[in-house]
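Comments concern the structure below.
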Amino acid sequence: MVGIWKREIKRSGIEITLSLFSPLGDRKEAFREAAKHYSDFMGLPITRIES
């Protein structure tokens with residue numbers, strides 16, 4: 001486990017806030033891919049990712 005996340009669903013899309021226990025480092029691309037899969041599943045775009 002590298003951290004926790006919170007999502008807010010709004011009309012314009014999904015906002016994700018990360019609370020990481022350690023830096024993402026080389027895992028940034030894997031996280032962005034997972035966020036893309038989630039947004040596709042929800043049928044809404046990711047409008048903001050904050051850490």
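Letters A, B, ... go to the chains of the structure tokens in the order shown; residues in each chain start at 1; ligands are counted from 1 in the same order.
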Based on DSSP run over this structure's backbone, return all residues of chain A in alpha helix (DSSP H), as a PyMOL selection string. chain A and resi 28-42
Can those selected residues be exported to a file as a compact mmCIF listing (two decimals), in the first residue's frame so that it contains all heavy atoms?
# COMPACT_ATOMS: atom_id res chain seq x y z
N LYS A 28 4.11 6.72 -11.33
CA LYS A 28 3.15 7.75 -11.78
C LYS A 28 2.34 7.28 -12.99
O LYS A 28 1.14 7.47 -13.04
CB LYS A 28 3.88 9.05 -12.13
CG LYS A 28 4.29 9.84 -10.94
CD LYS A 28 4.94 11.15 -11.36
CE LYS A 28 5.41 11.90 -10.15
NZ LYS A 28 6.06 13.16 -10.50
N GLU A 29 3.01 6.69 -13.95
CA GLU A 29 2.31 6.25 -15.16
C GLU A 29 1.30 5.15 -14.84
O GLU A 29 0.20 5.15 -15.38
CB GLU A 29 3.31 5.78 -16.22
CG GLU A 29 2.68 5.50 -17.56
CD GLU A 29 1.98 6.70 -18.16
OE1 GLU A 29 2.48 7.83 -18.02
OE2 GLU A 29 0.91 6.50 -18.77
N ALA A 30 1.66 4.24 -13.96
CA ALA A 30 0.73 3.17 -13.56
C ALA A 30 -0.49 3.77 -12.86
O ALA A 30 -1.62 3.33 -13.08
CB ALA A 30 1.42 2.16 -12.65
N PHE A 31 -0.27 4.79 -12.02
CA PHE A 31 -1.40 5.44 -11.36
C PHE A 31 -2.30 6.13 -12.38
O PHE A 31 -3.51 6.00 -12.33
CB PHE A 31 -0.93 6.47 -10.32
CG PHE A 31 -2.07 7.31 -9.84
CD1 PHE A 31 -2.98 6.79 -8.93
CD2 PHE A 31 -2.29 8.59 -10.34
CE1 PHE A 31 -4.07 7.53 -8.51
CE2 PHE A 31 -3.37 9.32 -9.93
CZ PHE A 31 -4.27 8.81 -9.02
N ARG A 32 -1.72 6.85 -13.31
CA ARG A 32 -2.52 7.55 -14.32
C ARG A 32 -3.33 6.55 -15.15
O ARG A 32 -4.47 6.81 -15.51
CB ARG A 32 -1.65 8.42 -15.20
CG ARG A 32 -1.07 9.60 -14.44
CD ARG A 32 -0.73 10.74 -15.35
NE ARG A 32 -0.23 11.86 -14.60
CZ ARG A 32 -1.00 12.79 -14.06
NH1 ARG A 32 -2.30 12.74 -14.20
NH2 ARG A 32 -0.48 13.80 -13.38
N GLU A 33 -2.75 5.41 -15.46
CA GLU A 33 -3.47 4.38 -16.21
C GLU A 33 -4.65 3.83 -15.39
O GLU A 33 -5.74 3.64 -15.92
CB GLU A 33 -2.51 3.25 -16.58
CG GLU A 33 -3.11 2.19 -17.46
CD GLU A 33 -3.46 2.67 -18.85
OE1 GLU A 33 -2.86 3.64 -19.33
OE2 GLU A 33 -4.36 2.07 -19.46
N ALA A 34 -4.42 3.60 -14.10
CA ALA A 34 -5.50 3.13 -13.22
C ALA A 34 -6.61 4.18 -13.11
O ALA A 34 -7.80 3.85 -13.13
CB ALA A 34 -4.96 2.78 -11.84
N ALA A 35 -6.23 5.45 -13.01
CA ALA A 35 -7.22 6.52 -12.94
C ALA A 35 -8.03 6.59 -14.24
O ALA A 35 -9.24 6.81 -14.22
CB ALA A 35 -6.53 7.86 -12.67
N LYS A 36 -7.37 6.37 -15.37
CA LYS A 36 -8.06 6.35 -16.66
C LYS A 36 -9.06 5.21 -16.73
O LYS A 36 -10.20 5.40 -17.18
CB LYS A 36 -7.02 6.23 -17.79
CG LYS A 36 -7.61 6.07 -19.16
CD LYS A 36 -8.24 7.36 -19.66
CE LYS A 36 -8.68 7.20 -21.10
NZ LYS A 36 -10.10 7.38 -21.28
N HIS A 37 -8.69 4.03 -16.27
CA HIS A 37 -9.62 2.90 -16.23
C HIS A 37 -10.82 3.22 -15.35
O HIS A 37 -11.96 2.90 -15.70
CB HIS A 37 -8.93 1.63 -15.72
CG HIS A 37 -7.98 1.02 -16.69
ND1 HIS A 37 -8.37 0.48 -17.89
CD2 HIS A 37 -6.64 0.86 -16.63
CE1 HIS A 37 -7.31 0.03 -18.53
NE2 HIS A 37 -6.24 0.25 -17.79
N TYR A 38 -10.57 3.85 -14.21
CA TYR A 38 -11.65 4.22 -13.30
C TYR A 38 -12.59 5.23 -13.96
O TYR A 38 -13.81 5.10 -13.89
CB TYR A 38 -11.09 4.77 -11.99
CG TYR A 38 -12.15 5.15 -11.00
CD1 TYR A 38 -12.92 4.18 -10.38
CD2 TYR A 38 -12.40 6.48 -10.69
CE1 TYR A 38 -13.91 4.51 -9.48
CE2 TYR A 38 -13.39 6.82 -9.78
CZ TYR A 38 -14.14 5.84 -9.18
OH TYR A 38 -15.12 6.18 -8.29
N SER A 39 -12.03 6.24 -14.62
CA SER A 39 -12.88 7.25 -15.26
C SER A 39 -13.69 6.64 -16.40
O SER A 39 -14.85 6.99 -16.59
CB SER A 39 -12.05 8.44 -15.76
OG SER A 39 -11.33 8.14 -16.92
N ASP A 40 -13.10 5.70 -17.13
CA ASP A 40 -13.84 5.00 -18.18
C ASP A 40 -14.99 4.21 -17.58
O ASP A 40 -16.10 4.21 -18.11
CB ASP A 40 -12.92 4.06 -18.97
CG ASP A 40 -11.92 4.80 -19.84
OD1 ASP A 40 -12.08 6.02 -20.06
OD2 ASP A 40 -10.95 4.14 -20.29
N PHE A 41 -14.74 3.51 -16.48
CA PHE A 41 -15.76 2.73 -15.80
C PHE A 41 -16.91 3.62 -15.33
O PHE A 41 -18.08 3.28 -15.48
CB PHE A 41 -15.14 2.00 -14.60
CG PHE A 41 -16.15 1.32 -13.72
CD1 PHE A 41 -16.75 0.13 -14.11
CD2 PHE A 41 -16.49 1.86 -12.49
CE1 PHE A 41 -17.68 -0.50 -13.29
CE2 PHE A 41 -17.42 1.25 -11.67
CZ PHE A 41 -18.02 0.06 -12.07
N MET A 42 -16.56 4.79 -14.77
CA MET A 42 -17.57 5.72 -14.26
C MET A 42 -18.26 6.51 -15.37
O MET A 42 -19.32 7.08 -15.17
CB MET A 42 -16.95 6.70 -13.26
CG MET A 42 -16.42 6.04 -12.00
SD MET A 42 -17.72 5.27 -11.02
CE MET A 42 -18.58 6.71 -10.42
Mind listing the strand (DSSP E) residues of chain A, per DSSP on the backbone, as JSON, numbers by chain? {"A": [3, 4, 5, 6, 7, 8, 9, 10, 13, 14, 15, 16, 17, 18, 19, 20, 46, 47, 48, 49, 50]}
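With CA of Arg27 in chain A on one side and CA of Trp5 in chain A on the other, the separation reads 15.0 Å.
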Separation of CA of Ile16 in chain A from CA of Met1 in chain A, in Å and rounded to one decimal: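 CA of Ile16 in chain A sits 17.1 Å away from CA of Met1 in chain A.
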Counting only C-alpha atoms, what is within 12 Å of Glu8 in chain A, bar same-chain residues fewer than 3 positions away, as a list of chain:residue names?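 Listed by chain and then number, they are A:Trp5, A:Arg11, A:Ser12, A:Gly13, A:Ile14, A:Glu15, A:Ile16, A:Thr17, A:Leu18, A:Ser39, A:Met42, A:Leu44, A:Pro45, A:Ile46, A:Thr47, A:Arg48, A:Ile49, A:Glu50.
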List the spatial neighbours of Phe21 in chain A as a compact mmCIF listing (two decimals) with C-alpha atoms, in the first residue's frame - criterion: any atom at most 10 Å away, only C-alpha atoms, same-chain residues fewer than 4 positions off excluded.
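result_5.txt, freshly written:
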# COMPACT_ATOMS: atom_id res chain seq x y z
CA MET A 1 0.00 0.00 0.00
CA VAL A 2 1.43 3.37 -1.01
CA GLY A 3 -1.32 5.65 0.31
CA ILE A 4 -4.99 6.41 0.32
